[in-house]
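First up is the structure itself, then whatever we jot down about it.
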Amino acid sequence: MAEETLFTKIIKREIPADILYEDEDCICIKDIAPQAPTHVLLIPRKPIPRLCDASADDQALLGSLMLRAGDIARQLGIDEAYRLIINNGAGAGQTVFHLHLHLLAGKEFSEGGMGF
Ligand code: AMP
């Protein structure tokens, strides 16, 4: 059996984290090394390693993550300007192989730029 991911350990309360929200599909935590004044991670309970590992069975889950991201942005008062990022694969900067969305806000993002 594959080893539990860091985020599964957080979901199971085996590792502490600053949890902002959770429901039957996902959990939202503060990033431990924030790259912006607001930097939270939205993580499905299902440990899909990378976005490219998701299948058609995950369609509803992926959709609900997008909607939850919008809800959380509203709750945090950042819904006018935020950036959602998914790093897919080590070459793209992924370090935790359990799918997650970065939700960042509160800083000036370069116009049209993709950098943090
Ligand atoms: P990525 O590089 O896209 O895989 O993102 C992984 C993110 O997880 C990084 O932004 C890390 O700062 C964050 N991270 C790592 N460990 C923890 C932790 N224990 N609690 C919260 N965030 C974490």
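Lettering and numbering for the structure tokens are positional, with chains as A, B, ... in the shown order, residues counted from 1 in each chain, and ligands counted from 1 in the shown order.
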Test item: residues at most 8 Å from A:Asn88, only C-alpha atoms, excluding those fewer than 4 positions along its chain, as a short mmCIF file (atom, residue, chain, number, x, y, z; two decimals) with N, CA, C and O atoms, in the first residue's frame:
data_model
loop_
_atom_site.label_atom_id
_atom_site.label_comp_id
_atom_site.auth_asym_id
_atom_site.auth_seq_id
_atom_site.Cartn_x
_atom_site.Cartn_y
_atom_site.Cartn_z
N ARG A 50 -1.19 13.68 -8.64
CA ARG A 50 -1.01 14.89 -9.46
C ARG A 50 -2.31 15.12 -10.22
O ARG A 50 -3.09 14.19 -10.43
N LEU A 51 -2.50 16.35 -10.70
CA LEU A 51 -3.71 16.63 -11.48
C LEU A 51 -3.82 15.66 -12.66
O LEU A 51 -4.90 15.16 -12.97
N CYS A 52 -2.68 15.35 -13.27
CA CYS A 52 -2.71 14.49 -14.46
C CYS A 52 -3.06 13.04 -14.10
O CYS A 52 -3.29 12.23 -15.01
N ALA A 92 7.40 21.17 -12.36
CA ALA A 92 6.56 22.37 -12.25
C ALA A 92 6.56 22.91 -10.83
O ALA A 92 5.80 23.83 -10.51
N GLY A 93 7.38 22.30 -9.97
CA GLY A 93 7.48 22.80 -8.59
C GLY A 93 6.65 22.03 -7.59
O GLY A 93 6.57 22.43 -6.42
N GLN A 94 6.02 20.93 -8.00
CA GLN A 94 5.23 20.16 -7.04
C GLN A 94 6.16 19.43 -6.08
O GLN A 94 7.11 18.76 -6.50
#
Around ligand 1, out to 12 Å and counting only C-alpha atoms and all ligand atoms, which residues are there? I want them as a PyMOL selection string. chain A and resi 5-11+13-20+27-36+38-43+49-51+84-104+116
Let me make sure I understand: among A:Arg45, A:Lys12, A:Arg83, A:Arg68, which one has the smallest atom-to-atom distance to A:Glu24 if we use only C-alpha atoms?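 Closest residue, counting only C-alpha atoms: A:Arg45.
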Can you pull out every residue within 9 Å of A:Asp25, counting only C-alpha atoms, but drop anything in the same chain fewer than 6 positions away, and send it as a ChimeraX atom specification? /A:43-46,61,64-65
Please identify which residues in chain A DSSP calls strand (DSSP E) from the backbone, and express them as number ranges by chain. A: 19-22, 26-30, 38-44, 83-85, 101-105
Export, as a PDB file, in the first residue's frame, the selected residues with C-alpha atoms.
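The file below, selection.pdb, is the result:
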ATOM      1  CA  ILE A  19      -7.332  24.212   9.281  1.00  0.00           C
ATOM      2  CA  LEU A  20      -9.697  26.866   7.904  1.00  0.00           C
ATOM      3  CA  TYR A  21     -12.407  24.685   6.422  1.00  0.00           C
ATOM      4  CA  GLU A  22     -13.282  21.079   5.735  1.00  0.00           C
ATOM      5  CA  CYS A  26     -11.781  18.461   0.946  1.00  0.00           C
ATOM      6  CA  ILE A  27      -9.847  20.385   3.552  1.00  0.00           C
ATOM      7  CA  CYS A  28      -8.426  23.895   3.444  1.00  0.00           C
ATOM      8  CA  ILE A  29      -5.298  24.768   5.443  1.00  0.00           C
ATOM      9  CA  LYS A  30      -2.929  27.701   5.715  1.00  0.00           C
ATOM     10  CA  THR A  38      -3.085  35.020   2.050  1.00  0.00           C
ATOM     11  CA  HIS A  39      -1.841  31.590   0.971  1.00  0.00           C
ATOM     12  CA  VAL A  40      -4.064  28.627   1.626  1.00  0.00           C
ATOM     13  CA  LEU A  41      -4.156  25.122   0.213  1.00  0.00           C
ATOM     14  CA  LEU A  42      -7.327  23.369  -0.845  1.00  0.00           C
ATOM     15  CA  ILE A  43      -6.778  19.632  -0.707  1.00  0.00           C
ATOM     16  CA  PRO A  44      -9.149  16.824  -1.690  1.00  0.00           C
ATOM     17  CA  ARG A  83      -4.684  33.437  -7.946  1.00  0.00           C
ATOM     18  CA  LEU A  84      -5.285  29.688  -8.060  1.00  0.00           C
ATOM     19  CA  ILE A  85      -2.299  27.510  -8.854  1.00  0.00           C
ATOM     20  CA  LEU A 101      -4.815  24.048  -5.152  1.00  0.00           C
ATOM     21  CA  HIS A 102      -2.846  27.055  -3.957  1.00  0.00           C
ATOM     22  CA  LEU A 103      -5.087  30.066  -3.324  1.00  0.00           C
ATOM     23  CA  LEU A 104      -3.017  33.240  -3.093  1.00  0.00           C
ATOM     24  CA  ALA A 105      -4.011  36.837  -2.547  1.00  0.00           C
TER      25      ALA A 105
END
Rounded to one decimal, what separation in Å do you get between atom CA of A:Ala81 and atom CA of A:Leu67? 15.5 Å
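Between atom CA of A:Gly106 and atom CA of A:Gln75 the separation is 14.2 Å.
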Correct to one decimal, the distance atom CA of A:Gln59-atom CA of A:Ile78 is 26.1 Å
From a DSSP calculation on the backbone, collect every residue of stretch 40-79 of chain A in alpha helix (DSSP H) and output the set as a ChimeraX atom specification. /A:59-76
